[in-house]
$ cat start05.txt   # compact mmCIF, C-alpha atoms and all ligand atoms
# COMPACT_ATOMS: atom_id res chain seq x y z
CA MET A 703 -9.89 36.35 8.19
CA GLU A 704 -12.32 33.64 9.31
CA ALA A 705 -12.97 30.54 7.19
CA LYS A 706 -14.72 27.19 7.35
CA ILE A 707 -12.68 24.18 6.26
CA GLU A 708 -14.67 21.99 3.88
CA LYS A 709 -12.45 18.94 3.41
CA LEU A 710 -8.87 17.68 3.15
CA ASP A 711 -7.04 17.71 -0.18
CA ASN A 712 -4.87 14.87 -1.48
CA LEU A 713 -1.86 16.25 0.42
CA GLY A 714 -3.72 16.38 3.75
CA ARG A 715 -4.24 20.17 3.69
CA GLY A 716 -7.52 21.79 4.71
CA ILE A 717 -9.54 23.30 1.85
CA THR A 718 -11.64 26.44 2.06
CA TYR A 719 -12.84 28.86 -0.63
CA ILE A 720 -12.21 32.59 -0.73
CA ASN A 721 -14.28 34.42 -3.35
CA ASN A 722 -14.78 31.05 -5.08
CA LYS A 723 -11.03 30.44 -5.28
CA ILE A 724 -9.62 27.33 -3.62
CA CYS A 725 -7.46 28.05 -0.57
CA PHE A 726 -5.18 25.51 1.15
CA VAL A 727 -4.63 25.70 4.90
CA ASN A 728 -2.03 23.40 6.47
CA ASN A 729 -2.98 21.69 9.72
CA ALA A 730 -6.70 22.51 9.47
CA LEU A 731 -9.43 19.85 9.59
CA PRO A 732 -12.85 19.52 7.92
CA ASN A 733 -15.68 21.51 9.57
CA GLU A 734 -13.32 23.60 11.67
CA ILE A 735 -13.92 27.35 11.83
CA VAL A 736 -10.48 28.90 11.72
CA GLU A 737 -8.73 32.24 11.61
CA ILE A 738 -6.33 32.20 8.66
CA LYS A 739 -3.64 34.48 7.26
CA LEU A 740 -3.37 34.64 3.47
CA GLU A 741 0.24 33.97 2.51
CA GLN A 742 0.35 33.78 -1.27
CA GLU A 743 -2.20 34.16 -4.02
CA HIS A 744 -1.48 32.14 -7.19
CA LYS A 745 -3.45 32.17 -10.45
CA LYS A 746 -5.62 29.20 -9.51
CA TYR A 747 -5.26 28.88 -5.73
CA ILE A 748 -4.40 30.63 -2.49
CA GLU A 749 -2.10 29.43 0.30
CA ALA A 750 -2.91 30.42 3.86
CA THR A 751 -1.63 29.62 7.33
CA LEU A 752 -3.69 28.67 10.34
CA VAL A 753 -3.67 31.41 13.00
CA GLU A 754 -6.32 30.19 15.44
CA ILE A 755 -8.90 27.43 15.67
CA LYS A 756 -12.26 28.93 16.68
CA GLU A 757 -14.34 25.76 16.43
CA GLU A 758 -12.36 22.55 16.71
CA SER A 759 -13.01 19.25 14.92
CA PRO A 760 -13.88 16.33 17.26
CA PHE A 761 -11.25 14.37 15.33
CA ARG A 762 -8.42 16.75 16.24
CA ILE A 763 -5.88 15.27 18.67
CA ILE A 764 -2.95 16.65 20.64
CA GLU A 765 0.18 16.32 18.55
CA GLU A 766 2.60 13.99 20.34
CA CYS A 767 5.57 14.81 18.14
CA PRO A 768 7.64 17.80 19.33
CA TYR A 769 8.63 18.59 15.73
CA SER A 770 5.08 18.64 14.34
CA ASN A 771 4.53 21.52 11.93
CA ILE A 772 8.21 22.36 11.66
CA CYS A 773 9.52 19.08 10.27
CA GLY A 774 8.35 18.19 6.74
CA GLY A 775 7.87 14.48 7.44
CA CYS A 776 4.25 14.15 8.61
CA GLN A 777 1.12 16.01 7.54
CA LEU A 778 -1.55 14.32 9.70
CA ASN A 779 -0.18 14.39 13.25
CA HIS A 780 -3.24 16.36 14.38
CA LEU A 781 -5.83 13.89 13.02
CA CYS A 782 -6.94 10.83 15.04
CA TYR A 783 -5.94 7.49 13.54
CA ASN A 784 -9.47 6.27 12.72
CA GLU A 785 -10.13 9.40 10.73
CA GLU A 786 -6.74 9.21 9.03
CA ASN A 787 -7.60 5.71 7.84
CA ARG A 788 -11.06 6.85 6.71
CA TYR A 789 -9.51 9.81 4.86
CA LYS A 790 -7.09 7.52 3.00
CA ARG A 791 -9.75 5.00 1.99
CA ASN A 792 -12.01 7.83 0.81
CA LYS A 793 -9.16 9.43 -1.11
CA ILE A 794 -8.56 6.17 -2.99
CA LYS A 795 -12.30 5.76 -3.61
CA SER A 796 -12.79 9.26 -4.96
CA LEU A 797 -9.67 9.35 -7.17
CA LEU A 798 -10.48 5.96 -8.70
CA TYR A 799 -14.05 7.06 -9.34
CA LYS A 800 -13.11 10.50 -10.70
CA TYR A 801 -10.34 9.41 -13.07
CA ALA A 802 -11.18 5.77 -13.87
CA ASN A 803 -14.91 5.57 -13.17
CA ILE A 804 -14.34 2.65 -10.77
CA GLU A 805 -17.32 2.12 -8.49
CA GLU A 806 -16.63 2.96 -4.84
CA ASP A 807 -17.86 -0.43 -3.62
CA LYS A 808 -14.82 -2.08 -5.22
CA VAL A 809 -12.66 -0.48 -2.51
CA ASP A 810 -12.26 -2.82 0.48
CA HIS A 811 -11.57 -1.87 4.11
CA ILE A 812 -8.20 -0.35 4.79
CA LYS A 813 -5.61 -2.54 6.51
CA TYR A 814 -3.57 -0.74 9.16
CA GLU A 815 -1.37 -1.48 12.16
CA ASP A 816 0.71 0.70 14.50
CA ARG A 817 0.58 4.45 14.01
CA ASN A 818 3.97 5.00 15.69
CA TYR A 819 7.51 3.58 15.48
CA TYR A 820 6.72 1.54 12.36
CA ARG A 821 9.55 2.55 10.01
CA ASN A 822 12.75 0.53 9.53
CA LYS A 823 14.63 3.36 7.79
CA ILE A 824 15.42 7.07 8.13
CA THR A 825 17.66 9.47 6.21
CA LEU A 826 19.02 12.37 8.25
CA HIS A 827 20.59 15.49 6.76
CA GLY A 828 23.30 17.58 8.35
CA LYS A 829 24.84 21.05 8.04
CA ASP A 830 26.76 23.43 10.32
CA GLY A 831 26.72 20.95 13.22
CA LYS A 832 22.95 20.34 12.95
CA LEU A 833 21.66 16.83 12.23
CA GLY A 834 17.98 16.16 11.52
CA LEU A 835 15.19 16.29 8.97
CA TYR A 836 14.28 18.90 6.39
CA GLY A 837 11.71 21.50 7.42
CA LYS A 838 8.17 21.72 6.15
CA LYS A 839 8.76 24.32 3.46
CA SER A 840 12.51 24.50 3.08
CA LYS A 841 15.68 22.48 3.21
CA ASP A 842 16.53 24.08 6.57
CA ILE A 843 17.58 21.33 8.96
CA ILE A 844 15.36 20.70 11.97
CA PRO A 845 17.63 18.96 14.51
CA ILE A 846 15.88 15.93 16.03
CA GLN A 847 16.64 13.64 18.95
CA GLU A 848 14.04 11.10 17.91
CA CYS A 849 11.32 10.51 15.33
CA ILE A 850 7.91 9.05 16.17
CA LEU A 851 7.81 7.14 12.87
CA VAL A 852 10.95 5.04 13.31
CA ASN A 853 11.64 2.00 15.48
CA ASN A 854 13.48 2.11 18.85
CA LYS A 855 16.80 0.94 17.50
CA ILE A 856 16.85 3.75 14.94
CA ASN A 857 15.88 6.29 17.61
CA GLU A 858 18.75 5.13 19.84
CA THR A 859 21.07 5.55 16.86
CA ILE A 860 19.75 9.05 16.07
CA LYS A 861 20.51 10.09 19.69
CA TRP A 862 23.98 8.56 19.55
CA LEU A 863 24.80 10.25 16.22
CA SER A 864 23.63 13.68 17.39
CA MET A 865 25.90 13.39 20.45
CA ASN A 866 28.86 12.33 18.33
CA ASN A 867 28.25 14.49 15.28
CA ILE A 868 31.33 16.40 14.13
CA ASN A 869 30.24 17.27 10.62
CA ILE A 870 27.73 14.71 9.31
CA THR A 871 26.10 15.79 6.04
CA GLU A 872 23.96 12.67 5.61
CA ALA A 873 23.18 9.58 7.69
CA ILE A 874 21.09 6.67 6.42
CA ILE A 875 19.98 4.32 9.20
CA LYS A 876 18.27 1.01 8.43
CA THR A 877 17.32 -1.98 10.60
CA SER A 878 16.00 -5.44 9.97
CA ASN A 879 12.26 -5.61 10.69
CA ASP A 880 12.83 -7.31 14.06
CA GLU A 881 15.44 -4.62 14.93
CA SER A 882 18.13 -7.25 15.54
CA GLU A 883 20.40 -5.87 12.80
CA LEU A 884 21.54 -2.29 12.24
CA MET A 885 23.08 -0.69 9.14
CA VAL A 886 24.41 2.88 9.15
CA SER A 887 25.92 4.89 6.30
CA ILE A 888 27.45 8.27 7.09
CA LYS A 889 28.74 11.02 4.85
CA GLY A 890 30.97 13.48 6.71
CA GLU A 891 32.65 13.18 10.10
CA VAL A 892 31.59 11.43 13.29
CA SER A 893 33.50 10.83 16.56
CA ARG A 894 33.94 7.52 18.50
CA VAL A 895 33.84 5.46 15.30
CA ASP A 896 34.97 2.27 17.11
CA GLU A 897 31.99 2.46 19.47
CA LEU A 898 29.64 2.98 16.52
CA LYS A 899 31.25 0.03 14.74
CA ARG A 900 30.44 -2.23 17.69
CA LYS A 901 26.78 -1.18 17.57
CA CYS A 902 26.36 -1.78 13.82
CA ASN A 903 26.18 -4.96 11.77
CA VAL A 904 27.04 -2.84 8.74
CA LEU A 905 28.86 0.50 8.97
CA ILE A 906 29.79 2.61 5.96
CA ILE A 907 31.61 5.92 6.31
CA ASN A 908 32.08 8.06 3.22
CA GLY A 909 31.47 5.03 1.01
CA GLU A 910 33.98 2.77 2.80
CA TYR A 911 32.73 -0.38 4.56
CA LEU A 912 34.16 -0.61 8.10
CA SER A 913 32.27 -3.85 8.75
CA LYS A 914 32.79 -7.31 7.31
CA ASP A 915 29.10 -7.57 6.40
CA LYS A 916 27.59 -5.49 3.61
CA ARG A 917 23.94 -6.40 4.14
CA ILE A 918 21.34 -6.82 6.88
CA GLU A 919 18.75 -9.62 6.87
CA THR A 920 15.01 -9.55 7.50
CA THR A 921 12.59 -12.48 7.64
CA ILE A 922 9.09 -12.00 6.21
CA SER A 923 6.85 -15.04 6.68
CA ASN A 924 9.16 -17.96 5.83
CA ASN A 925 11.43 -15.99 3.53
CA LYS A 926 14.76 -14.39 4.29
CA TYR A 927 15.77 -11.19 2.57
CA GLU A 928 19.10 -9.38 2.53
CA GLU A 929 19.30 -5.69 1.69
CA SER A 930 22.17 -3.30 1.04
CA ILE A 931 22.30 0.38 1.87
CA ASN A 932 21.26 1.49 -1.64
CA SER A 933 18.58 -1.15 -2.16
CA PHE A 934 14.85 -0.61 -1.96
CA PHE A 935 13.05 -2.29 0.94
CA GLN A 936 9.48 -1.71 2.14
CA VAL A 937 9.72 0.62 5.15
CA ASN A 938 6.75 -0.55 7.23
CA LYS A 939 8.18 -3.27 9.47
CA THR A 940 4.87 -5.02 10.25
CA LEU A 941 2.40 -4.31 7.44
CA THR A 942 4.64 -5.49 4.59
CA GLU A 943 3.82 -9.11 5.39
CA SER A 944 0.08 -8.40 5.02
CA LEU A 945 0.72 -6.59 1.74
CA TYR A 946 2.65 -9.55 0.36
CA ASP A 947 0.07 -12.02 1.75
CA GLU A 948 -2.64 -10.18 -0.17
CA VAL A 949 -0.68 -10.72 -3.41
CA LYS A 950 0.02 -14.36 -2.56
CA ASN A 951 -3.55 -15.21 -1.54
CA THR A 952 -4.92 -13.63 -4.71
CA ILE A 953 -2.85 -15.77 -7.04
CA LYS A 954 -2.25 -19.02 -5.18
CA ASP A 955 -5.19 -20.97 -6.61
CA ASN A 956 -4.47 -20.06 -10.21
CA ASN A 957 -2.51 -22.30 -12.44
CA ILE A 958 0.35 -19.97 -13.29
CA ASN A 959 2.95 -21.06 -15.76
CA THR A 960 4.99 -17.90 -16.33
CA ALA A 961 4.78 -14.69 -14.28
CA LEU A 962 6.50 -11.30 -14.32
CA ASP A 963 7.26 -9.18 -11.26
CA LEU A 964 7.89 -5.70 -12.66
CA TYR A 965 9.74 -3.14 -10.48
CA CYS A 966 10.73 -6.06 -8.25
CA GLY A 967 13.19 -4.29 -5.92
CA THR A 968 15.25 -6.91 -4.06
CA GLY A 969 12.95 -9.67 -5.32
CA THR A 970 10.77 -9.76 -2.21
CA ILE A 971 7.41 -10.34 -3.92
CA THR A 972 9.04 -12.51 -6.63
CA ILE A 973 10.31 -14.92 -3.97
CA TYR A 974 7.12 -14.66 -1.87
CA ILE A 975 4.94 -15.96 -4.72
CA SER A 976 7.46 -18.14 -6.60
CA ASP A 977 6.02 -21.40 -5.21
CA TYR A 978 2.78 -20.69 -7.08
CA CYS A 979 4.37 -20.20 -10.51
CA ASN A 980 6.37 -22.53 -12.76
CA LYS A 981 8.64 -19.64 -13.64
CA ILE A 982 8.82 -16.01 -12.53
CA ILE A 983 10.96 -13.18 -13.89
CA GLY A 984 11.69 -10.05 -11.84
CA ILE A 985 12.82 -6.77 -13.42
CA ASP A 986 14.25 -3.69 -11.69
CA ASN A 987 16.59 -0.96 -12.92
CA ASN A 988 18.63 -0.54 -9.71
CA PRO A 989 21.78 -2.74 -9.88
CA SER A 990 21.99 -2.86 -6.07
CA ASN A 991 18.43 -4.26 -5.91
CA ILE A 992 19.13 -6.93 -8.51
CA LYS A 993 22.41 -7.95 -6.85
CA ASP A 994 20.50 -8.44 -3.58
CA ALA A 995 17.61 -10.15 -5.41
CA ASN A 996 20.02 -12.79 -6.75
CA ILE A 997 21.47 -13.30 -3.26
CA ASN A 998 17.91 -13.64 -1.91
CA LYS A 999 17.08 -16.19 -4.60
CA GLN A 1000 20.00 -18.36 -3.39
CA LEU A 1001 19.20 -17.74 0.29
CA ASN A 1002 15.68 -19.11 -0.21
CA ASN A 1003 16.73 -21.96 -2.53
CA LYS A 1004 14.58 -20.82 -5.43
CA GLU A 1005 15.39 -22.17 -8.84
CA ASN A 1006 12.45 -20.98 -10.91
CA ILE A 1007 13.35 -17.27 -10.71
CA GLU A 1008 15.27 -15.06 -13.11
CA PHE A 1009 16.16 -11.44 -12.35
CA ILE A 1010 16.87 -8.82 -15.01
CA CYS A 1011 18.51 -5.47 -14.31
CA ASP A 1012 17.02 -2.95 -16.76
CA ASN A 1013 14.22 -0.45 -17.19
CA VAL A 1014 10.87 -2.22 -17.45
CA GLU A 1015 10.12 -0.18 -20.58
CA ASN A 1016 13.24 -1.59 -22.29
CA LYS A 1017 12.23 -5.21 -21.71
CA ILE A 1018 8.44 -5.32 -21.64
CA ASP A 1019 8.10 -5.90 -25.40
CA LYS A 1020 10.19 -9.11 -25.18
CA PHE A 1021 7.53 -11.13 -23.35
CA LYS A 1022 4.52 -13.12 -24.47
CA GLU A 1023 2.40 -15.94 -23.03
CA ILE A 1024 2.51 -14.60 -19.51
CA ASP A 1025 -0.26 -15.63 -17.08
CA LEU A 1026 0.37 -13.15 -14.29
CA ILE A 1027 2.02 -9.74 -14.07
CA VAL A 1028 2.67 -8.07 -10.71
CA ILE A 1029 3.54 -4.37 -10.97
CA ASP A 1030 4.81 -2.21 -8.12
CA PRO A 1031 6.08 0.97 -9.80
CA PRO A 1032 7.40 4.15 -8.16
CA ARG A 1033 4.95 7.03 -7.54
CA SER A 1034 5.08 8.10 -11.18
CA GLY A 1035 3.20 4.89 -12.09
CA LEU A 1036 3.53 3.13 -15.43
CA ASP A 1037 5.04 4.77 -18.49
CA LYS A 1038 3.08 4.85 -21.78
CA LYS A 1039 4.96 1.96 -23.40
CA THR A 1040 4.50 -0.33 -20.40
CA ARG A 1041 0.77 0.46 -20.28
CA GLU A 1042 0.52 -0.32 -24.00
CA TYR A 1043 2.42 -3.61 -23.72
CA LEU A 1044 0.45 -4.83 -20.71
CA ARG A 1045 -2.56 -4.69 -23.03
CA ILE A 1046 -0.68 -6.49 -25.80
CA ILE A 1047 0.70 -9.27 -23.54
CA LYS A 1048 -2.75 -9.53 -21.91
CA PRO A 1049 -1.93 -11.74 -18.93
CA LYS A 1050 -4.89 -13.44 -17.26
CA ILE A 1051 -4.24 -11.55 -13.99
CA ILE A 1052 -2.55 -8.24 -13.24
CA ILE A 1053 -1.83 -7.26 -9.65
CA TYR A 1054 -1.07 -3.56 -9.36
CA VAL A 1055 0.64 -2.54 -6.08
CA SER A 1056 0.54 1.25 -5.99
CA CYS A 1057 1.88 3.93 -3.67
CA ASP A 1058 0.09 6.77 -5.46
CA PRO A 1059 -3.67 6.57 -6.11
CA LEU A 1060 -3.50 9.41 -8.63
CA THR A 1061 -1.16 7.68 -11.10
CA LEU A 1062 -2.93 4.40 -10.28
CA SER A 1063 -6.24 5.91 -11.47
CA ARG A 1064 -4.65 7.13 -14.71
CA ASP A 1065 -3.20 3.66 -15.40
CA LEU A 1066 -6.39 1.78 -14.46
CA ASN A 1067 -8.44 4.00 -16.73
CA GLU A 1068 -6.50 2.55 -19.67
CA LEU A 1069 -6.24 -1.03 -18.40
CA LYS A 1070 -9.95 -1.32 -17.62
CA THR A 1071 -10.77 -1.48 -21.35
CA ASP A 1072 -9.42 -5.06 -21.35
CA TYR A 1073 -9.63 -5.90 -17.62
CA ASN A 1074 -12.28 -6.15 -14.94
CA ILE A 1075 -11.30 -4.51 -11.68
CA ILE A 1076 -11.98 -7.26 -9.14
CA LYS A 1077 -10.83 -5.64 -5.93
CA VAL A 1078 -9.00 -2.63 -4.50
CA LYS A 1079 -7.39 -3.18 -1.10
CA PRO A 1080 -5.95 -0.10 0.66
CA PHE A 1081 -3.05 -0.43 3.13
CA ASN A 1082 -1.95 2.34 5.48
CA MET A 1083 1.77 1.70 5.03
CA PHE A 1084 2.71 5.29 5.96
CA PRO A 1085 0.70 6.43 9.03
CA ARG A 1086 0.77 10.17 9.93
CA THR A 1087 1.56 11.11 6.30
CA TYR A 1088 -0.86 11.65 3.41
CA HIS A 1089 0.68 8.75 1.46
CA CYS A 1090 -1.37 5.63 0.86
CA GLU A 1091 -0.76 2.26 -0.71
CA SER A 1092 -3.21 -0.08 -2.41
CA ILE A 1093 -3.35 -3.38 -4.24
CA VAL A 1094 -5.64 -3.69 -7.23
CA VAL A 1095 -6.57 -7.07 -8.70
CA LEU A 1096 -7.40 -7.05 -12.42
CA GLU A 1097 -8.73 -10.00 -14.41
CA ARG A 1098 -8.74 -10.19 -18.19
CA LYS A 1099 -12.23 -9.77 -19.68
C1 LIG A 1101 7.91 0.62 -4.98
S1 LIG A 1101 9.44 -0.13 -5.36
C2 LIG A 1101 8.94 -1.80 -5.50
C3 LIG A 1101 9.74 -2.81 -4.77
C4 LIG A 1101 9.25 -4.20 -4.49
N1 LIG A 1101 8.09 -4.64 -5.20
C5 LIG A 1101 9.10 -4.43 -2.99
O1 LIG A 1101 8.00 -4.70 -2.52
O2 LIG A 1101 10.12 -4.32 -2.28
C6 LIG A 1101 9.68 0.39 -6.99
C7 LIG A 1101 10.92 -0.15 -7.66
O3 LIG A 1101 10.93 0.27 -9.02
C8 LIG A 1101 12.28 0.40 -9.45
N2 LIG A 1101 12.20 1.22 -10.68
C9 LIG A 1101 11.89 2.53 -10.81
N3 LIG A 1101 11.78 2.86 -12.11
C10 LIG A 1101 12.02 1.74 -12.83
C11 LIG A 1101 12.02 1.43 -14.22
N4 LIG A 1101 11.77 2.36 -15.12
N5 LIG A 1101 12.30 0.17 -14.60
C12 LIG A 1101 12.57 -0.79 -13.67
N6 LIG A 1101 12.56 -0.55 -12.35
C13 LIG A 1101 12.29 0.68 -11.92
C14 LIG A 1101 13.00 0.98 -8.26
O4 LIG A 1101 14.37 0.64 -8.29
C15 LIG A 1101 12.26 0.30 -7.09
O5 LIG A 1101 12.94 -0.82 -6.64

$ encode --input "start05.txt" --output "structure tokens"
Amino acid sequence: MEAKIEKLDNLGRGITYINNKICFVNNALPNEIVEIKLEQEHKKYIEATLVEIKEESPFRIIEECPYSNICGGCQLNHLCYNEENRYKRNKIKSLLYKYANIEEDKVDHIKYEDRNYYRNKITLHGKDGKLGLYGKKSKDIIPIQECILVNNKINETIKWLSMNNINITEAIIKTSNDESELMVSIKGEVSRVDELKRKCNVLIINGEYLSKDKRIETTISNNKYEESINSFFQVNKTLTESLYDEVKNTIKDNNINTALDLYCGTGTITIYISDYCNKIIGIDNNPSNIKDANINKQLNNKENIEFICDNVENKIDKFKEIDLIVIDPPRSGLDKKTREYLRIIKPKIIIYVSCDPLTLSRDLNELKTDYNIIKVKPFNMFPRTYHCESIVVLERK
């Protein structure tokens, strides 16, 4: 059946309508005339696959990745980078307008850098001698020799592991942002362990450390950060500095006595902005993050920082007289209690770092009763995927 694609949905799929019912077509672009095959009809929507492109979008590009459309990692390999960036900015604009009535002119230009080889981390899965990434629609393993998203050092390691794979079920590979340090954690069996040990700064096999070091170190601006295998660290090796600079530049001229950094990970933002606050408290519920955060506090000689390991929602009601709150929650956004207490604590400034514009819109819709939305700055932290990050600056009314 022939169809015209109208636009992209929030997951990067083409949208068309069949008898007034919405139909999602993977890998199709706006204004393309395509031949589709209906796969599944649900109560409210239809899923179809792309059979042939009859009229192609001028923004369609040749997919460089050999695993495009089989691997589940990227959704926008076929869209040129300018359009990808435009799509993400528009997605943020329209979600914020639709669910929080935030005017589109509040949304600034999108900040982006390299489209390829930007990630400092990958998790590979293995089964029956195959080592790779999960497929688009299933947990079938697509064996890979390299990934266009990750840096060179990780790609070299992927190749090495696939040649020496005996029975790896999971491999996490991380590097420092400058690629000088490598950390590998393997579950299962691998050959030539001594050779792998020489390549790695940190090597963990089935939970056992074979290296003296347990952490790798990355420098962002003037700050040094250590991270362990189970700690959170921003994956974009170049754009993270711009993201943190945006937070720093927003707050640096304010007279901040006490600040909170909620969902602080390994304390990266906490440390980045600590010189502009008399005191700052970071909270995260992952013990590995907080252990690293305390190491990072020492490493950067910071004395005005306290880290707490707990759920934000367990601690948020303990604070008052806070001037600034930075929040960087997971994709689920803020829970009800945290939203409620932000409005009770009423800091002068809230900086909301979000990796999901949908939950961001829900949360801003509540916060905007007491706060003016000053600025929304999108960042393309995850090129080739539909994911997008943004920083929102809120000032108390
Ligand atoms: C997007 S990361 C933010 C990390 C940090 N701001 C950075 O730039 O590296 C979200 C963090 O929230 C933490 N987290 C998730 N749910 C939480 C909760 N309910 N309470 C506290 N921390 C939580 C995770 O451990 C993770 O480190």

$ residues_around --input "start05.txt" --residues "Glu872 of chain A" --least-positions-apart "6" --cutoff "10 Å" --atoms "all atoms listed in the file" --output "list in words"
Thr825, Leu826, His827, Gly828, Lys829, Leu833, Gly834, Ser887, Ile888, Lys889, Gly890, Glu891 and Asn908 of chain A

$ residues_near_ligand --input "start05.txt" --ligand "ligand LIG 1101 (chain A)" --cutoff "9 Å" --atoms "all atoms listed in the file" --output "ChimeraX atom specification"
/A:933-937,942,945-946,963-972,985-992,1011-1017,1028-1037,1055-1057

$ residues_near_point --input "start05.txt" --point "(-11.8, -13.6, -11.2)" --cutoff "12 Å" --atoms "all atoms listed in the file" --output "PyMOL selection string"
chain A and resi 952-953+955-956+1050-1053+1073-1077+1095-1099

$ closest_residue --input "start05.txt" --among "A:Leu835, A:Asn924, A:Arg1041, A:Ser796" --to "Lys1070 of chain A" --atoms "only C-alpha atoms"
A:Arg1041

$ residues_near_point --input "start05.txt" --point "(-4.2, -8.9, -27.3)" --cutoff "12 Å" --atoms "all atoms listed in the file" --output "PyMOL selection string"
chain A and resi 1022-1024+1042-1050+1071-1073+1098-1099

$ residues_around --input "start05.txt" --residues "Lys950 of chain A" --least-positions-apart "6" --cutoff "9 Å" --atoms "all atoms listed in the file" --output "PyMOL selection string"
chain A and resi 971+974-975+978

$ atom_distance --input "start05.txt" --atom1 "atom CA of Lys795 of chain A" --atom2 "atom CA of Val809 of chain A"
6.3 Å

$ closest_residue --input "start05.txt" --among "A:Ser864, A:Gln742, A:Asn1082, A:Asn729" --to "Leu781 of chain A" --atoms "only C-alpha atoms"
A:Asn729

$ atom_distance --input "start05.txt" --atom1 "atom CA of Lys808 of chain A" --atom2 "atom CA of Asp711 of chain A"
21.9 Å

$ atom_distance --input "start05.txt" --atom1 "atom CA of Thr859 of chain A" --atom2 "atom CA of Asp896 of chain A"
14.3 Å

$ residues_around --input "start05.txt" --residues "Ser882 of chain A" --least-positions-apart "5" --cutoff "10 Å" --atoms "only C-alpha atoms" --output "MDAnalysis selection string"
chainID A and resid 855 877 903 918:920

$ closest_residue --input "start05.txt" --among "A:Lys954, A:Glu708, A:Thr940, A:Glu734" --to "Glu757 of chain A" --atoms "all atoms listed in the file"
A:Glu734

$ closest_residue --input "start05.txt" --among "A:Val949, A:Ile846, A:Ile958, A:Ala730" --to "Val1094 of chain A" --atoms "only C-alpha atoms"
A:Val949

$ closest_residue --input "start05.txt" --among "A:Leu798, A:His744, A:Thr921, A:Asp830" --to "Pro1059 of chain A" --atoms "all atoms listed in the file"
A:Leu798

$ closest_residue --input "start05.txt" --among "A:Ala802, A:Ile1007, A:Ile997, A:Val904" --to "Leu1069 of chain A" --atoms "all atoms listed in the file"
A:Ala802

$ axis_aligned_box --input "start05.txt" --around "segment 957-964 of chain A" --padding-each-side "5 Å" --output "AutoDock Vina command-line options"
--center_x 2.7 --center_y -14.0 --center_z -13.8 --size_x 20.4 --size_y 26.6 --size_z 15.1

$ residues_around --input "start05.txt" --residues "Ile717 of chain A" --least-positions-apart "3" --cutoff "9 Å" --atoms "all atoms listed in the file" --output "MDAnalysis selection string"
chainID A and resid 706:711 724:728 730:732

$ write_last_selection --input "start05.txt" --atoms "C-alpha atoms" --output "short mmCIF file (atom, residue, chain, number, x, y, z; two decimals), in the coordinates of the input"
data_model
loop_
_atom_site.label_atom_id
_atom_site.label_comp_id
_atom_site.auth_asym_id
_atom_site.auth_seq_id
_atom_site.Cartn_x
_atom_site.Cartn_y
_atom_site.Cartn_z
CA LYS A 706 -14.72 27.19 7.35
CA ILE A 707 -12.68 24.18 6.26
CA GLU A 708 -14.67 21.99 3.88
CA LYS A 709 -12.45 18.94 3.41
CA LEU A 710 -8.87 17.68 3.15
CA ASP A 711 -7.04 17.71 -0.18
CA ILE A 724 -9.62 27.33 -3.62
CA CYS A 725 -7.46 28.05 -0.57
CA PHE A 726 -5.18 25.51 1.15
CA VAL A 727 -4.63 25.70 4.90
CA ASN A 728 -2.03 23.40 6.47
CA ALA A 730 -6.70 22.51 9.47
CA LEU A 731 -9.43 19.85 9.59
CA PRO A 732 -12.85 19.52 7.92
#
